[in-house]
Amino acid sequence: MSTNLLFDFVVDKNNKTLIIKREFDAPLNLVWDAWTKPELLDQWWAPKPFASKTKVMNFEVGGRRFYAMVSPEGYERWAIQKYTSINPKTNFSFFNVFADKDENPDPTGSDWDITFNEQNGNATVTINIYNESLERMEKMIEMGFKEGFTMTLNGLENVLSTIK
């Protein structure tokens, strides 16, 4: 694990957007697979000690991922990602919203745009998260999103190191 890899986390309140940029010591094809294949995604898409559990995932425009983050005690926090665009190994976007176990969504969510680049054998992922309201974004930040998502991306780095 290299310690000199890029990691930026920017809060843009004017545009209600979080911008996360993270470099990985892994080729783009592996990083893309880790984001788009449920068997890999479930290995890292939750801050420890939580685990990710995908119930449904069809990675195609108009498709969705329905998953839960599961606490060590078994509490499940469900969410839906509805895929809105996919450009293989370059970019994909989805609308993310929390939901109950029956897929009834919360009233508000966020749009995620994820871009992948590779340079010198390292993949860089840029994540733009646009929130419907400044209040929603501020609540995410207050609830520890930066810390939790940093742990999540560190989990991705660990998974990538095992599949290289």
# chains A, B, ... in the order shown; residues from 1 in each chain; ligands from 1
>>> select_by_dssp(residues="chain A", states="alpha helix (DSSP H)", output="ChimeraX atom specification")
/A:28-36,38-41,134-142,145-163
>>> write_last_selection(atoms="C-alpha atoms", output="PDB file, in the first residue's frame")
ATOM      1  CA  LEU A  28      -8.155   0.784 -14.042  1.00  0.00           C
ATOM      2  CA  ASN A  29      -9.792  -2.514 -15.073  1.00  0.00           C
ATOM      3  CA  LEU A  30      -9.545  -3.881 -11.505  1.00  0.00           C
ATOM      4  CA  VAL A  31     -10.852  -0.661  -9.953  1.00  0.00           C
ATOM      5  CA  TRP A  32     -13.749  -0.575 -12.445  1.00  0.00           C
ATOM      6  CA  ASP A  33     -14.618  -4.192 -11.603  1.00  0.00           C
ATOM      7  CA  ALA A  34     -14.529  -3.424  -7.874  1.00  0.00           C
ATOM      8  CA  TRP A  35     -17.149  -0.700  -8.419  1.00  0.00           C
ATOM      9  CA  THR A  36     -19.367  -2.657 -10.819  1.00  0.00           C
ATOM     10  CA  PRO A  38     -21.452  -7.074  -6.596  1.00  0.00           C
ATOM     11  CA  GLU A  39     -19.154  -9.852  -5.366  1.00  0.00           C
ATOM     12  CA  LEU A  40     -16.309  -7.300  -5.180  1.00  0.00           C
ATOM     13  CA  LEU A  41     -18.431  -4.303  -4.196  1.00  0.00           C
ATOM     14  CA  LEU A 134     -27.651  22.129   1.137  1.00  0.00           C
ATOM     15  CA  GLU A 135     -29.342  20.880   4.315  1.00  0.00           C
ATOM     16  CA  ARG A 136     -29.084  17.270   3.130  1.00  0.00           C
ATOM     17  CA  MET A 137     -25.394  17.696   2.318  1.00  0.00           C
ATOM     18  CA  GLU A 138     -24.676  19.325   5.668  1.00  0.00           C
ATOM     19  CA  LYS A 139     -26.502  16.497   7.441  1.00  0.00           C
ATOM     20  CA  MET A 140     -24.322  13.943   5.572  1.00  0.00           C
ATOM     21  CA  ILE A 141     -21.214  15.781   6.743  1.00  0.00           C
ATOM     22  CA  GLU A 142     -22.483  16.047  10.343  1.00  0.00           C
ATOM     23  CA  PHE A 145     -19.726  10.935   5.802  1.00  0.00           C
ATOM     24  CA  LYS A 146     -16.131  12.041   5.199  1.00  0.00           C
ATOM     25  CA  GLU A 147     -14.739   9.733   7.861  1.00  0.00           C
ATOM     26  CA  GLY A 148     -16.972   6.820   6.868  1.00  0.00           C
ATOM     27  CA  PHE A 149     -16.325   7.164   3.141  1.00  0.00           C
ATOM     28  CA  THR A 150     -12.586   7.493   3.763  1.00  0.00           C
ATOM     29  CA  MET A 151     -12.714   4.154   5.619  1.00  0.00           C
ATOM     30  CA  THR A 152     -14.781   2.696   2.780  1.00  0.00           C
ATOM     31  CA  LEU A 153     -12.244   3.766   0.145  1.00  0.00           C
ATOM     32  CA  ASN A 154      -9.434   2.390   2.322  1.00  0.00           C
ATOM     33  CA  GLY A 155     -11.370  -0.889   2.295  1.00  0.00           C
ATOM     34  CA  LEU A 156     -11.389  -0.734  -1.506  1.00  0.00           C
ATOM     35  CA  GLU A 157      -7.626  -0.263  -1.484  1.00  0.00           C
ATOM     36  CA  ASN A 158      -7.280  -3.370   0.719  1.00  0.00           C
ATOM     37  CA  VAL A 159      -9.505  -5.436  -1.602  1.00  0.00           C
ATOM     38  CA  LEU A 160      -7.544  -4.281  -4.653  1.00  0.00           C
ATOM     39  CA  SER A 161      -4.278  -5.361  -3.022  1.00  0.00           C
ATOM     40  CA  THR A 162      -5.641  -8.915  -2.689  1.00  0.00           C
ATOM     41  CA  ILE A 163      -6.829  -9.272  -6.314  1.00  0.00           C
TER      42      ILE A 163
END
>>> residues_around(residues="range 5-15 of chain A", least_positions_apart="4", cutoff="8 Å", atoms="only C-alpha atoms", output="PyMOL selection string")
chain A and resi 19-25+130+134+146
>>> closest_atom_pairs(of="range 96-164 of chain A", to="range 53-63 of chain A", cutoff="12 Å", atoms="only C-alpha atoms", output="JSON lines")
{"residue": "A:Lys101", "atom": "CA", "partner": "A:Lys55", "partner_atom": "CA", "distance": 10.1}
{"residue": "A:Asp102", "atom": "CA", "partner": "A:Lys55", "partner_atom": "CA", "distance": 11.1}
{"residue": "A:Glu103", "atom": "CA", "partner": "A:Lys55", "partner_atom": "CA", "distance": 10.7}
>>> write_last_selection(atoms="N, CA and C atoms", output="compact mmCIF listing (two decimals), in the first residue's frame")
# COMPACT_ATOMS: atom_id res chain seq x y z
N LYS A 101 -36.56 -1.85 3.84
CA LYS A 101 -36.23 -3.20 3.34
C LYS A 101 -37.13 -3.63 2.18
N ASP A 102 -38.24 -2.91 1.96
CA ASP A 102 -39.16 -3.22 0.86
C ASP A 102 -38.95 -2.32 -0.35
N GLU A 103 -37.84 -1.58 -0.37
CA GLU A 103 -37.45 -0.69 -1.46
C GLU A 103 -38.32 0.56 -1.58
>>> atom_distance(atom1="CA of Ser93 in chain A", atom2="CA of Tyr75 in chain A")
27.7 Å
>>> closest_residue(among="A:Met143, A:Val97, A:Ala51, A:Ile129", to="Trp112 in chain A", atoms="only C-alpha atoms")
A:Ile129
>>> atom_distance(atom1="CA of Lys37 in chain A", atom2="CA of Pro107 in chain A")
27.5 Å
